[in-house]
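The structure appears below as structure tokens.
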Amino acid sequence: MARYLLTRAWQSALTLLLSTIVVFFGVRALPGDPALALAGEDRSPEALEAIRRHYGLDQPLPLQFAQYVERMAQGDFGVSIRTGTPVSSMLTTALPVTVELSVLAILIATALGVGAGVLAAVRRGRPAEWLANALALIGLSVPHFWLGLLAILYLSVATGLFPASGFVPFLEDPVDNLHHIVLPAVILGTGLAAIIMRQTRSAMLDSLSSDYVRTAKAKGLRPRAVITQHALRNSLIVVVTVVGLQLGGLISGAVVTEQIFGLPGFGKMTIDAVFQRDYPVIQAVVLLTATAYIVINFLVDLLYSVIDPRIRVTGDPA
Amino acid sequence: MTVLTVPMAETGSAGVTRRTRVLRRLRRNPLAVVSFVVLALAGAIALLSPWLAPYSVDQTDFAHTFAPPGTPGHVLGTDDLGRDVLSRIMLGARASLQVGLLAVATSLVIGVPLGLAAGYFRAWDALISRFTDLLLAFPFLIMAVGLAAIRGASLGNAAVAIGIAQIPGVIRVVRSDTLRLKSLDFVAAAVVDGASDLWVLTRHILPNATSVILVQATVAIPAAILGEAVLSFLGLGIQPPAPSLGTMLATAQQFAARAPWAAVLPGVVIMGLALAFNVFGDALRDALDPKGDRR
Amino acid sequence: MTTVERAGAAAAVDTPVLEIRDLSVSFPTETGTVSAVDGVSLDLASGEIVGMVGESGCGKSVTAMSIAGLLPASARITGSVRLDGTELVGTRESVLRRVRGKEIAYIFQEPMTSLNPVLTVGRQIGEVLQVHERMTRRAARARAVELLTLVGIPSAAQRVDTYPHQLSGGMRQRVMIAMAVACGPKVLVADEPTTALDVTVQAGILQVLRDLRDRLGTSILIITHDLGVIADIADRVVVMYAGRVVERAPVNDLFAHPYHRYTAGLLSASPTPGRHAGTDRLQEIPGLVPVLSTQPDACTFADRCPAADAGCRDSAPPLEVARAGGTDHLAACWHPCPSPRSQIEEVNR
């Protein structure tokens with residue numbers, strides 16, 4: 001167990017280091033003078049010189065990188081070129097929106113995906129399976145931002161059931177907050193549900209045809225107990241892996257969804273930054289995404305060891 | 001072990017090759033046939049669209065903007081600049097397919113050699129899996145944002161961003177198939193006979209891994225098509241005035257109040273293309289599955 | 001205990017716990033219906049150990065699984081399986097569930113894959129007790145420790161909280177047995193219980209089964225392709241071939257003089273006790289087990305049989321008392337082996 005955790009922690013740390021290097025050089029690869037990019041509105045030679053000194057741009061690269069890591073670790077992502085506000089404070093307002101949207105979406109996706117996947121596997125060869133498979137295929141093929149668009153046009157605008165755009169912080173008015181975020185979360189969640197469903201179904205089909213499920217049936221357990229206690233429990237490792245892997249899709253999806261529903265989150269901030277060439281913001285977004293991805297996947301690895309005793313005890317992944 | 005040990009005759013005579021068996025299974029699957037026909041049609045239209053399209057995609061007509069579908073002369077109507085929607089959808093679909101193929105080609109060119117190396121050489125495995133982890137840390141949209149920041153938004157950059165994001169998937173399937181093939185007797189025999197690693201990889205493992213690569217490609221193309229639509233919708237992909245289904249949707253959102261129908265068709269076309277690839281990919285996977293009974 | 005004593009013990013008991021009558025099982029496939037079991041009849045007396053032998057694919061496992069209705073829903077089952085006189089074939093699932101694990105319990109071939117890898121062995125044993133005996137989880141765990149001790153697992157109190165992968169193959173199979181006997185079933189069906197184990201471990205497992213029969217009076221149906229196992233543990237033997245019972249006899253009768261040509265072939269293909277190692281060569285039975293559905297009106301063994309003639313291909317021989325021996329030795333053969341067995345071997349040589 002300890003060995004497993006140490007290996008995973010070391011691997012995650014290495015990946016984090018590598019991605020920081022990539023972003024560091026990515027910033028160096030930006031068109032033009034990095035000092036110019038970091039300067040924002042004030043582009044006087046004195047200001048540029050000050051920035052060069054402040055960010056150590058005149059230092060050798062390894063030293064620059066060390067200072068860069070130190071700044072990032074302290075949450076100093078620089079100042080937005082367009083608004084002049086520190087990027088970190090922009091993130092503090094934008095992140096809660098995105099986190100709330102993502103958490104809701106992943107909950108919806110997991111519930112739908114696992115539920116439909118189990119149903120399809122258990123009702124193999126019956127209409128329920130056929131329907132679940134067809135829906136999953138469509139879910140895999142439909143552009144979700146388009147669904148969002150249609151939802152706004154034909155649900156929000158036409159019926160007024162949901163607000164077409166905007167956001168209210170949860171702490172200000174929880175009900176209104178949910179009212180604004182539920183439709184985007186459902187749209188984002190159903191997109192991810194399709195992949196989760198297909199993987200869950202396939203893992204469940206494997207479990208259901210396994211010897212230990214035959215044993216469970218031979219013990220006289222009820223079908224529900226056979227499915228949940230034995231088949232699903234053994235499929236969980238696949239389910240958790242798939243949900244973990246959806247994180248990339250979740251981040252990409254959140255950006256688009258926020259753009260469509262006008263949610264003032266991280267995604268909208270990113271897109272605005274690209275068009276305004278607001279490089280400090282882009283850098284922060286890229287770095288933060290990578291870090292979030294790596295950290296959450298490390299947590300998923302920890303979860304494995306809770307689910308599967310073979311990992312917990314011997315340290316060998318199943 | 002299976003529950004049942006039913007006496008069965010030997011299935012499939014020795015004369016039937018694997019390829020003909022796979023093709024026969026595909027022909028017998030109506031979904032495979034339908035999706036294949038749809039893809040063939042879409043491919044033909046995309047190839048011929050510059051000649052098939054009734055209007056030039058850039059031909060504006062400010063006297064007839066936002067013509068609804070069914071308007072004489074413009075079967076699917078016109079957009080905010082009076083351009084013919086049918087023509088733009090045809091060329092947009094062409095661009096979608098282009099990006100899809102380009103992205104998947106990118107991911108295969110980089111992913112297949114890495115997957116082979118990771119599966120075949122133990123020493124490379126750890127290195128390549130760190131590389132995979134690194135790629136996974138940058139979701140395709142973030143990758144596209146970074147590329148757009150550095151190199152500007154374009155069809156090519158969108159395809160590259162999507163392709164790079166698909167590399168880990170290619171590495172994973174090729175690696176696991178290489179591991180499987182490496183343990184088989186014919187590969188071991190080739191190694192004993194003194195064949196070089198490169199020879200074994202290119203003559204024995206790669207040809208046998210083509211089926212998984214093919215399946216991976218068929219599911220990666222629709223994902224890339226959806227990716228292109230997202231990027232173009234956000235303005236990070238194909239740049240106006242070049243036609244793209246994603247930008248058509250962005251325009252539709254902008255003018256939703258005046259022409260709500262404009263949001264429907266481009267989406268349907270994207271979905272149709274992606275669905276056809278996904279259905280065909282599923283059918284192909286089933287046809288290639290030696291167990292053959294998992295749908 | 002010698003085979004002679006065991007046969008005597010079996011004869012003393014007459015009312016069968018389990019009666020299988022004319023059981024047939026078939027499966028619909030793409031190429032038509034495939035028959036897996038065809039008209040099998042078999043009794044299992046209280047406290048009796050019956051061995052069922054045959055090559056792979058002869059219908060042994062399907063027969064075993066059909067007893068408690070464990071076959072997939074697509075299976076078509078006809079005939080009768082009675083447990084203490086109660087019909088099980090065609091019975092509702094809810095009724096069968098109360099029989100499974102409580103009255104009829106199973107042990108399977110692969111103890112590694114047959115145990116759930118993510119649950120402790122204590123949980124898996126306790127589960128049966130929680131379901132059938134309405135025990136609390138704590139009581140079930142305590143009972144699981146006793147059961148593990150019963151099947152000969154040392155330091156059971158610690159082992160109860162381990163996971164299957166932490167145990168050896170033999171220990172896992174003992175766990176399977178503990179799970180099977182948890183509710184004191186009347187019938188234990190052991191499907192190739194020792195096949196996946198080392199020879200040294202096999203003997204221990206068979207000893208545990210014998211002990212259980214002696215202490216709890218459990219009837220055991222043991223399915224194997226290993227005649228050594230049969231000789232070691234069974235009171236009576238049923239030989240199956242291509243879905244049919246071809247011979248049925250007390251164990252020592254069968255080994256002494258097999259009547260059916262297939263049984264004879266099986267015996268000469270196995271290194272069984274009573275043979276002189278090194279002097280005899282193992283004989284192979286030529287050919288493969290046929291697809292049963294193709295020849296309903298012929299002896300299924302005719303194509304591989306050294307003594308087959310045209311008559312064997314025209315009609316299937318009934319299972320009947322074979323010549324002057326005891327009335328409990330039955331064979332389905334038109335041209336049974338001339339006994340004793342040594343004669344055939346001479347011919348073979």
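Simple scheme: letters A, B, ... for chains in structure tokens order, numbers from 1 for residues in each chain, numbers from 1 for ligands in the order shown.
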
>> Which residues are close to region 2-12 of chain A, i.e. within 12 Å by only C-alpha atoms, leaving aside same-chain residues fewer than 4 positions away? Reply as number ranges by chain.
In response: A: 16-19, 290-306, 310-318; B: 126-127, 129-134, 136-137

I need the residues from that last selection saved to file as a CSV table (one decimal), in the first residue's frame (with N, CA and C atoms), if you can.
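Contents of part.csv, as written:
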chain,number,residue,atom,x,y,z
A,16,LEU,N,3.5,16.8,-12.8
A,16,LEU,CA,3.3,18.2,-12.5
A,16,LEU,C,4.5,19.1,-12.9
A,17,LEU,N,5.7,18.6,-12.6
A,17,LEU,CA,6.9,19.3,-12.9
A,17,LEU,C,7.0,19.5,-14.4
A,18,LEU,N,6.8,18.4,-15.2
A,18,LEU,CA,6.9,18.4,-16.6
A,18,LEU,C,5.9,19.4,-17.2
A,19,SER,N,4.6,19.4,-16.7
A,19,SER,CA,3.6,20.3,-17.3
A,19,SER,C,4.0,21.7,-17.0
A,290,ALA,N,-4.0,21.8,-15.6
A,290,ALA,CA,-3.1,20.7,-15.6
A,290,ALA,C,-2.9,20.2,-14.1
A,291,THR,N,-2.7,21.2,-13.2
A,291,THR,CA,-2.6,20.9,-11.8
A,291,THR,C,-3.8,20.2,-11.3
A,292,ALA,N,-5.0,20.7,-11.6
A,292,ALA,CA,-6.2,20.1,-11.1
A,292,ALA,C,-6.4,18.7,-11.6
A,293,TYR,N,-6.0,18.5,-12.9
A,293,TYR,CA,-6.1,17.2,-13.5
A,293,TYR,C,-5.2,16.2,-12.8
A,294,ILE,N,-4.0,16.6,-12.6
A,294,ILE,CA,-3.0,15.7,-12.0
A,294,ILE,C,-3.4,15.4,-10.5
A,295,VAL,N,-3.8,16.4,-9.8
A,295,VAL,CA,-4.2,16.2,-8.4
A,295,VAL,C,-5.4,15.3,-8.3
A,296,ILE,N,-6.4,15.5,-9.1
A,296,ILE,CA,-7.6,14.7,-9.0
A,296,ILE,C,-7.4,13.3,-9.4
A,297,ASN,N,-6.5,13.1,-10.4
A,297,ASN,CA,-6.2,11.7,-10.8
A,297,ASN,C,-5.4,11.0,-9.7
A,298,PHE,N,-4.6,11.7,-9.0
A,298,PHE,CA,-3.9,11.1,-7.9
A,298,PHE,C,-4.9,10.7,-6.8
A,299,LEU,N,-5.9,11.5,-6.6
A,299,LEU,CA,-7.0,11.1,-5.6
A,299,LEU,C,-7.7,9.9,-6.1
A,300,VAL,N,-8.0,9.8,-7.4
A,300,VAL,CA,-8.6,8.6,-8.0
A,300,VAL,C,-7.8,7.4,-7.7
A,301,ASP,N,-6.5,7.5,-7.9
A,301,ASP,CA,-5.6,6.4,-7.6
A,301,ASP,C,-5.7,6.0,-6.1
A,302,LEU,N,-5.8,7.0,-5.2
A,302,LEU,CA,-6.0,6.6,-3.8
A,302,LEU,C,-7.3,5.9,-3.6
A,303,LEU,N,-8.3,6.3,-4.4
A,303,LEU,CA,-9.6,5.6,-4.3
A,303,LEU,C,-9.5,4.2,-4.7
A,304,TYR,N,-8.7,3.9,-5.7
A,304,TYR,CA,-8.5,2.5,-6.1
A,304,TYR,C,-8.2,1.6,-4.9
A,305,SER,N,-7.3,2.1,-4.1
A,305,SER,CA,-6.8,1.2,-3.0
A,305,SER,C,-7.9,1.0,-2.0
A,306,VAL,N,-8.8,1.9,-2.0
A,306,VAL,CA,-10.0,1.7,-1.1
A,306,VAL,C,-10.9,0.7,-1.6
A,310,ARG,N,-6.7,-5.9,-3.5
A,310,ARG,CA,-5.5,-6.4,-4.0
A,310,ARG,C,-4.5,-5.3,-4.2
A,311,ILE,N,-4.9,-4.1,-4.4
A,311,ILE,CA,-4.0,-2.9,-4.4
A,311,ILE,C,-3.6,-2.5,-3.0
A,312,ARG,N,-4.6,-2.5,-2.2
A,312,ARG,CA,-4.4,-2.1,-0.8
A,312,ARG,C,-3.4,-2.9,-0.1
A,313,VAL,N,-3.4,-4.2,-0.3
A,313,VAL,CA,-2.6,-5.1,0.4
A,313,VAL,C,-1.2,-5.3,-0.2
A,314,THR,N,-1.2,-5.6,-1.5
A,314,THR,CA,0.1,-6.0,-2.1
A,314,THR,C,0.7,-4.8,-2.9
A,315,GLY,N,0.0,-3.8,-3.2
A,315,GLY,CA,0.6,-2.7,-3.9
A,315,GLY,C,0.6,-2.9,-5.4
A,316,ASP,N,0.1,-4.0,-5.9
A,316,ASP,CA,0.1,-4.2,-7.3
A,316,ASP,C,-1.3,-3.8,-7.9
A,317,PRO,N,-1.3,-3.0,-8.8
A,317,PRO,CA,-2.6,-2.7,-9.4
A,317,PRO,C,-3.2,-3.9,-10.1
A,318,ALA,N,-4.5,-4.1,-10.0
A,318,ALA,CA,-5.2,-5.3,-10.5
A,318,ALA,C,-4.9,-5.5,-12.0
B,126,ALA,N,7.9,3.2,-19.0
B,126,ALA,CA,7.8,4.2,-18.0
B,126,ALA,C,7.9,5.6,-18.6
B,127,LEU,N,8.8,5.8,-19.4
B,127,LEU,CA,9.1,7.1,-20.0
B,127,LEU,C,7.8,7.5,-20.8
B,129,SER,N,4.8,6.4,-20.6
B,129,SER,CA,3.6,6.6,-19.8
B,129,SER,C,3.6,8.0,-19.1
B,130,ARG,N,4.8,8.4,-18.7
B,130,ARG,CA,4.9,9.8,-18.2
B,130,ARG,C,4.5,10.8,-19.2
B,131,PHE,N,4.9,10.6,-20.5
B,131,PHE,CA,4.5,11.4,-21.6
B,131,PHE,C,3.0,11.4,-21.8
B,132,THR,N,2.4,10.2,-21.7
B,132,THR,CA,1.0,10.1,-21.8
B,132,THR,C,0.3,10.9,-20.7
B,133,ASP,N,0.8,10.8,-19.4
B,133,ASP,CA,0.2,11.5,-18.3
B,133,ASP,C,0.3,13.0,-18.6
B,134,LEU,N,1.4,13.4,-19.1
B,134,LEU,CA,1.6,14.9,-19.4
B,134,LEU,C,0.6,15.3,-20.4
B,136,LEU,N,-2.3,14.0,-21.0
B,136,LEU,CA,-3.6,14.0,-20.5
B,136,LEU,C,-3.9,15.2,-19.6
B,137,ALA,N,-2.9,15.8,-19.0
B,137,ALA,CA,-3.1,16.9,-18.1
B,137,ALA,C,-3.6,18.1,-18.9

Select from chain A every residue with an atom at most 12 Å from any atom of chain C, then for each give the shortest pair of atoms and their distance in Å to one decimal, using only C-alpha atoms, rows by chain and rising number, as a tab-separated table.
residue	atom	partner	partner_atom	distance
A:Arg123	CA	C:Ala73	CA	12.0
A:Arg124	CA	C:Ala73	CA	11.4
A:Gly125	CA	C:Ser74	CA	11.3
A:Ser207	CA	C:Asn116	CA	10.1
A:Leu208	CA	C:Pro72	CA	11.6
A:Ser209	CA	C:Pro72	CA	10.4
A:Ser210	CA	C:Thr113	CA	7.4
A:Asp211	CA	C:Ser114	CA	4.5
A:Tyr212	CA	C:Ser114	CA	4.1
A:Val213	CA	C:Ser114	CA	7.7
A:Arg214	CA	C:Ser114	CA	7.5
A:Thr215	CA	C:Ser114	CA	6.0
A:Ala216	CA	C:Asn116	CA	8.6
A:Lys217	CA	C:Leu70	CA	7.4
A:Ala218	CA	C:Arg100	CA	5.5
A:Lys219	CA	C:Gly101	CA	4.1
A:Gly220	CA	C:Arg97	CA	4.4
A:Leu221	CA	C:Arg97	CA	6.8
A:Arg222	CA	C:Arg97	CA	7.2
A:Pro223	CA	C:Arg97	CA	9.6
A:Ala225	CA	C:Glu127	CA	10.0
A:Val226	CA	C:Glu127	CA	11.0
A:Gln229	CA	C:Leu119	CA	9.0
A:His230	CA	C:Asn116	CA	6.9
A:Ala231	CA	C:Asn116	CA	9.1
A:Leu232	CA	C:Val118	CA	10.8
A:Arg233	CA	C:Val118	CA	7.5
A:Asn234	CA	C:Val118	CA	6.8
A:Ser235	CA	C:Val118	CA	10.4
A:Leu236	CA	C:Val118	CA	10.4
A:Ile237	CA	C:Val118	CA	10.5
A:Tyr304	CA	C:Val118	CA	11.4
A:Ser305	CA	C:Val118	CA	10.8
A:Val306	CA	C:Val118	CA	10.0
A:Ile307	CA	C:Val118	CA	7.5
A:Asp308	CA	C:Val118	CA	5.8
A:Pro309	CA	C:Val118	CA	5.9
A:Arg310	CA	C:His165	CA	7.1
A:Ile311	CA	C:Val118	CA	10.2
A:Arg312	CA	C:Val118	CA	10.4
A:Val313	CA	C:Gln166	CA	8.7
A:Thr314	CA	C:Gln166	CA	9.0
A:Asp316	CA	C:His165	CA	11.7
A:Ala318	CA	C:Pro117	CA	10.2

>> Report as an NGL selection string all protein, DNA and RNA residues lying within 10 Å of Gly73 (chain B), evaluated on only C-alpha atoms, omitting residues in the same chain fewer than 6 positions from it.
In response: :B and (54-55 or 84)

Compile a residue-level contact table for chain B against chain A at a cut-off of 6 Å, reporting for every qualifying residue the shortest atom pair and its distance in Å to one decimal, with only C-alpha atoms counted, rows ordered by chain and ascending number, as JSON lines.
{"residue": "B:Leu134", "atom": "CA", "partner": "A:Thr15", "partner_atom": "CA", "distance": 5.6}
{"residue": "B:Ala137", "atom": "CA", "partner": "A:Ala290", "partner_atom": "CA", "distance": 4.6}
{"residue": "B:Phe138", "atom": "CA", "partner": "A:Ala290", "partner_atom": "CA", "distance": 5.6}
{"residue": "B:Pro139", "atom": "CA", "partner": "A:Gly248", "partner_atom": "CA", "distance": 4.6}
{"residue": "B:Leu141", "atom": "CA", "partner": "A:Ser252", "partner_atom": "CA", "distance": 5.1}
{"residue": "B:Ile150", "atom": "CA", "partner": "A:Leu30", "partner_atom": "CA", "distance": 4.8}
{"residue": "B:Leu226", "atom": "CA", "partner": "A:Pro143", "partner_atom": "CA", "distance": 5.9}
{"residue": "B:Met271", "atom": "CA", "partner": "A:Val142", "partner_atom": "CA", "distance": 4.8}
{"residue": "B:Ala274", "atom": "CA", "partner": "A:Ser141", "partner_atom": "CA", "distance": 4.9}
{"residue": "B:Leu275", "atom": "CA", "partner": "A:Ser141", "partner_atom": "CA", "distance": 5.0}

Selection to disk with N, CA and C atoms, as a PDB file, in the first residue's frame:
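Contents of selection_22.pdb, as written:
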ATOM      1  N   LEU B 134       1.438  13.435 -19.124  1.00  0.00           N
ATOM      2  CA  LEU B 134       1.625  14.858 -19.397  1.00  0.00           C
ATOM      3  C   LEU B 134       0.579  15.345 -20.404  1.00  0.00           C
ATOM      4  N   ALA B 137      -2.852  15.768 -19.022  1.00  0.00           N
ATOM      5  CA  ALA B 137      -3.056  16.895 -18.113  1.00  0.00           C
ATOM      6  C   ALA B 137      -3.560  18.133 -18.851  1.00  0.00           C
ATOM      7  N   PHE B 138      -3.441  18.130 -20.179  1.00  0.00           N
ATOM      8  CA  PHE B 138      -3.935  19.275 -20.944  1.00  0.00           C
ATOM      9  C   PHE B 138      -5.128  18.849 -21.798  1.00  0.00           C
ATOM     10  N   PRO B 139      -6.345  19.089 -21.313  1.00  0.00           N
ATOM     11  CA  PRO B 139      -7.537  18.733 -22.091  1.00  0.00           C
ATOM     12  C   PRO B 139      -7.495  19.432 -23.448  1.00  0.00           C
ATOM     13  N   LEU B 141      -9.332  21.254 -25.182  1.00  0.00           N
ATOM     14  CA  LEU B 141      -9.702  22.653 -25.325  1.00  0.00           C
ATOM     15  C   LEU B 141      -8.621  23.577 -24.781  1.00  0.00           C
ATOM     16  N   ILE B 150      -0.426  30.850 -29.011  1.00  0.00           N
ATOM     17  CA  ILE B 150       0.932  30.898 -29.560  1.00  0.00           C
ATOM     18  C   ILE B 150       0.916  31.102 -31.074  1.00  0.00           C
ATOM     19  N   LEU B 226     -16.550  16.441 -33.450  1.00  0.00           N
ATOM     20  CA  LEU B 226     -17.209  17.203 -32.388  1.00  0.00           C
ATOM     21  C   LEU B 226     -16.264  18.268 -31.842  1.00  0.00           C
ATOM     22  N   MET B 271     -24.121  15.843 -35.827  1.00  0.00           N
ATOM     23  CA  MET B 271     -24.539  14.642 -35.112  1.00  0.00           C
ATOM     24  C   MET B 271     -24.612  13.461 -36.067  1.00  0.00           C
ATOM     25  N   ALA B 274     -21.079  12.223 -36.864  1.00  0.00           N
ATOM     26  CA  ALA B 274     -20.470  11.563 -35.711  1.00  0.00           C
ATOM     27  C   ALA B 274     -21.165  10.237 -35.429  1.00  0.00           C
ATOM     28  N   LEU B 275     -22.492  10.239 -35.535  1.00  0.00           N
ATOM     29  CA  LEU B 275     -23.258   9.025 -35.257  1.00  0.00           C
ATOM     30  C   LEU B 275     -22.888   7.915 -36.241  1.00  0.00           C
TER      31      LEU B 275
END

> Which neighbours of region 228-243 of chain B fall inside 6 Å, counting only C-alpha atoms, when residues of the same chain fewer than 2 positions from it are skipped, and could you give them as a PyMOL selection string?
Replying inline: chain B and resi 88+92+153-155+158+225-226+246-247+250

Dump as CSV the rows for residues of chain C within 12 Å of chain B: closest atom pair and distance in Å with one decimal, only C-alpha atoms counted, ordered by chain and rising residue number.
residue,atom,partner,partner_atom,distance
C:Val25,CA,B:Val6,CA,10.2
C:Ser26,CA,B:Val6,CA,9.0
C:Phe27,CA,B:Val6,CA,8.5
C:Pro28,CA,B:Val6,CA,11.1
C:Thr29,CA,B:Met8,CA,10.1
C:Glu30,CA,B:Asp293,CA,10.6
C:Thr31,CA,B:Thr11,CA,10.1
C:Gly32,CA,B:Met8,CA,11.0
C:Thr33,CA,B:Met8,CA,10.7
C:Val34,CA,B:Val6,CA,7.6
C:Ser35,CA,B:Val6,CA,7.8
C:Ala36,CA,B:Val6,CA,5.5
C:Val37,CA,B:Val6,CA,8.9
C:Gly54,CA,B:Thr5,CA,11.9
C:Glu55,CA,B:Thr5,CA,10.4
C:Ser56,CA,B:Thr5,CA,7.0
C:Gly57,CA,B:Thr5,CA,4.8
C:Cys58,CA,B:Pro7,CA,7.0
C:Gly59,CA,B:Thr5,CA,6.7
C:Lys60,CA,B:Thr5,CA,8.3
C:Ser61,CA,B:Leu4,CA,6.8
C:Val62,CA,B:Leu4,CA,6.0
C:Thr63,CA,B:Leu4,CA,9.8
C:Ala64,CA,B:Val3,CA,10.3
C:Met65,CA,B:Val3,CA,8.1
C:Ser66,CA,B:Leu4,CA,10.6
C:Leu70,CA,B:Val3,CA,9.2
C:Leu71,CA,B:Val3,CA,7.8
C:Pro72,CA,B:Val3,CA,8.9
C:Ser74,CA,B:Leu4,CA,11.8
C:Ala75,CA,B:Leu4,CA,10.3
C:Phe108,CA,B:Val3,CA,10.0
C:Gln109,CA,B:Met1,CA,8.9
C:Glu110,CA,B:Met1,CA,8.2
C:Pro111,CA,B:Met1,CA,11.6
C:Met112,CA,B:Met1,CA,11.5
C:Thr113,CA,B:Met1,CA,9.0
C:Ser114,CA,B:Met1,CA,9.9
C:Asp191,CA,B:Val3,CA,10.6
C:Glu192,CA,B:Met1,CA,11.9
C:Ala196,CA,B:Met1,CA,11.5
C:Tyr241,CA,B:Pro7,CA,10.7
C:Ala242,CA,B:Pro7,CA,7.6
C:Gly243,CA,B:Pro7,CA,8.8
C:Leu288,CA,B:Pro7,CA,9.7
C:Val289,CA,B:Pro7,CA,7.1
C:Pro290,CA,B:Pro7,CA,6.9
C:Val291,CA,B:Pro7,CA,5.5
C:Leu292,CA,B:Pro7,CA,7.3
C:Ser293,CA,B:Pro7,CA,9.6
C:Thr294,CA,B:Ala9,CA,10.5

Write the selection just made, keeping C-alpha atoms, as an mmCIF file, in the first residue's frame?
data_model
loop_
_atom_site.group_PDB
_atom_site.id
_atom_site.type_symbol
_atom_site.label_atom_id
_atom_site.label_comp_id
_atom_site.auth_asym_id
_atom_site.auth_seq_id
_atom_site.Cartn_x
_atom_site.Cartn_y
_atom_site.Cartn_z
ATOM 1 C CA VAL C 25 -31.100 -29.661 -21.369
ATOM 2 C CA SER C 26 -30.719 -27.909 -24.693
ATOM 3 C CA PHE C 27 -29.594 -24.494 -25.813
ATOM 4 C CA PRO C 28 -30.761 -22.519 -28.800
ATOM 5 C CA THR C 29 -27.789 -21.313 -30.867
ATOM 6 C CA GLU C 30 -27.402 -19.505 -34.170
ATOM 7 C CA THR C 31 -27.056 -22.825 -35.973
ATOM 8 C CA GLY C 32 -29.986 -24.544 -34.266
ATOM 9 C CA THR C 33 -30.667 -26.208 -30.968
ATOM 10 C CA VAL C 34 -27.761 -27.934 -29.310
ATOM 11 C CA SER C 35 -28.574 -30.635 -26.823
ATOM 12 C CA ALA C 36 -26.184 -30.713 -23.876
ATOM 13 C CA VAL C 37 -27.850 -33.261 -21.626
ATOM 14 C CA GLY C 54 -16.646 -38.033 -18.510
ATOM 15 C CA GLU C 55 -14.584 -36.017 -20.937
ATOM 16 C CA SER C 56 -14.957 -32.243 -21.183
ATOM 17 C CA GLY C 57 -18.138 -31.295 -22.965
ATOM 18 C CA CYS C 58 -20.032 -34.425 -22.077
ATOM 19 C CA GLY C 59 -22.705 -32.551 -20.119
ATOM 20 C CA LYS C 60 -21.452 -33.091 -16.555
ATOM 21 C CA SER C 61 -21.361 -29.437 -15.602
ATOM 22 C CA VAL C 62 -24.641 -28.632 -17.322
ATOM 23 C CA THR C 63 -26.281 -31.444 -15.382
ATOM 24 C CA ALA C 64 -24.826 -30.089 -12.157
ATOM 25 C CA MET C 65 -25.900 -26.521 -12.826
ATOM 26 C CA SER C 66 -29.416 -27.539 -13.810
ATOM 27 C CA LEU C 70 -28.419 -22.157 -12.281
ATOM 28 C CA LEU C 71 -28.374 -22.376 -16.062
ATOM 29 C CA PRO C 72 -28.920 -19.225 -18.124
ATOM 30 C CA SER C 74 -32.028 -19.492 -22.536
ATOM 31 C CA ALA C 75 -31.586 -23.135 -21.469
ATOM 32 C CA PHE C 108 -16.665 -24.871 -8.270
ATOM 33 C CA GLN C 109 -13.459 -25.656 -10.057
ATOM 34 C CA GLU C 110 -11.488 -22.410 -9.837
ATOM 35 C CA PRO C 111 -11.361 -21.238 -6.220
ATOM 36 C CA MET C 112 -9.479 -18.094 -7.312
ATOM 37 C CA THR C 113 -12.092 -16.823 -9.723
ATOM 38 C CA SER C 114 -15.067 -18.328 -7.917
ATOM 39 C CA ASP C 191 -17.896 -29.476 -9.895
ATOM 40 C CA GLU C 192 -14.250 -30.436 -10.507
ATOM 41 C CA ALA C 196 -7.169 -26.643 -10.440
ATOM 42 C CA TYR C 241 -20.782 -39.509 -22.625
ATOM 43 C CA ALA C 242 -22.135 -36.900 -25.035
ATOM 44 C CA GLY C 243 -24.945 -35.866 -22.709
ATOM 45 C CA LEU C 288 -13.876 -36.363 -30.348
ATOM 46 C CA VAL C 289 -17.102 -36.064 -28.369
ATOM 47 C CA PRO C 290 -19.780 -35.646 -31.059
ATOM 48 C CA VAL C 291 -22.469 -33.025 -31.394
ATOM 49 C CA LEU C 292 -25.286 -34.807 -29.686
ATOM 50 C CA SER C 293 -28.240 -33.408 -31.551
ATOM 51 C CA THR C 294 -27.100 -35.010 -34.789
#

> Quick one, how far is CA of Met72 (chain A) from CA of Val243 (chain A)?
Replying inline: 28.4 Å

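Between CA of Ala262 (chain B) and CA of Asp79 (chain B) the separation is 7.6 Å.
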
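Excluding Arg201 (chain A) itself and any same-chain residue fewer than 4 positions from it, the protein and nucleic acid residues within 10 Å of it, counting only C-alpha atoms, are Gly113, Val114, Gly115, Ala116, Gly117, Val118, Leu119, Ala120, Ala121, Val122, Arg124, Glu129, Ala132, Asn133, Ile195, Ile196, Met197, Leu205, Asp206, Ser207, Ser235 and Val239 of chain A.
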
>> List as a ChimeraX atom specification the protein and nucleic acid residues near region 29-40 of chain B, meaning an atom at most 12 Å away when only C-alpha atoms are counted, but skip any in the same chain fewer than 3 places from it.
In response: /A:134 /B:22-26,43-47,93-94,97,218,221-222,269,272-287,295
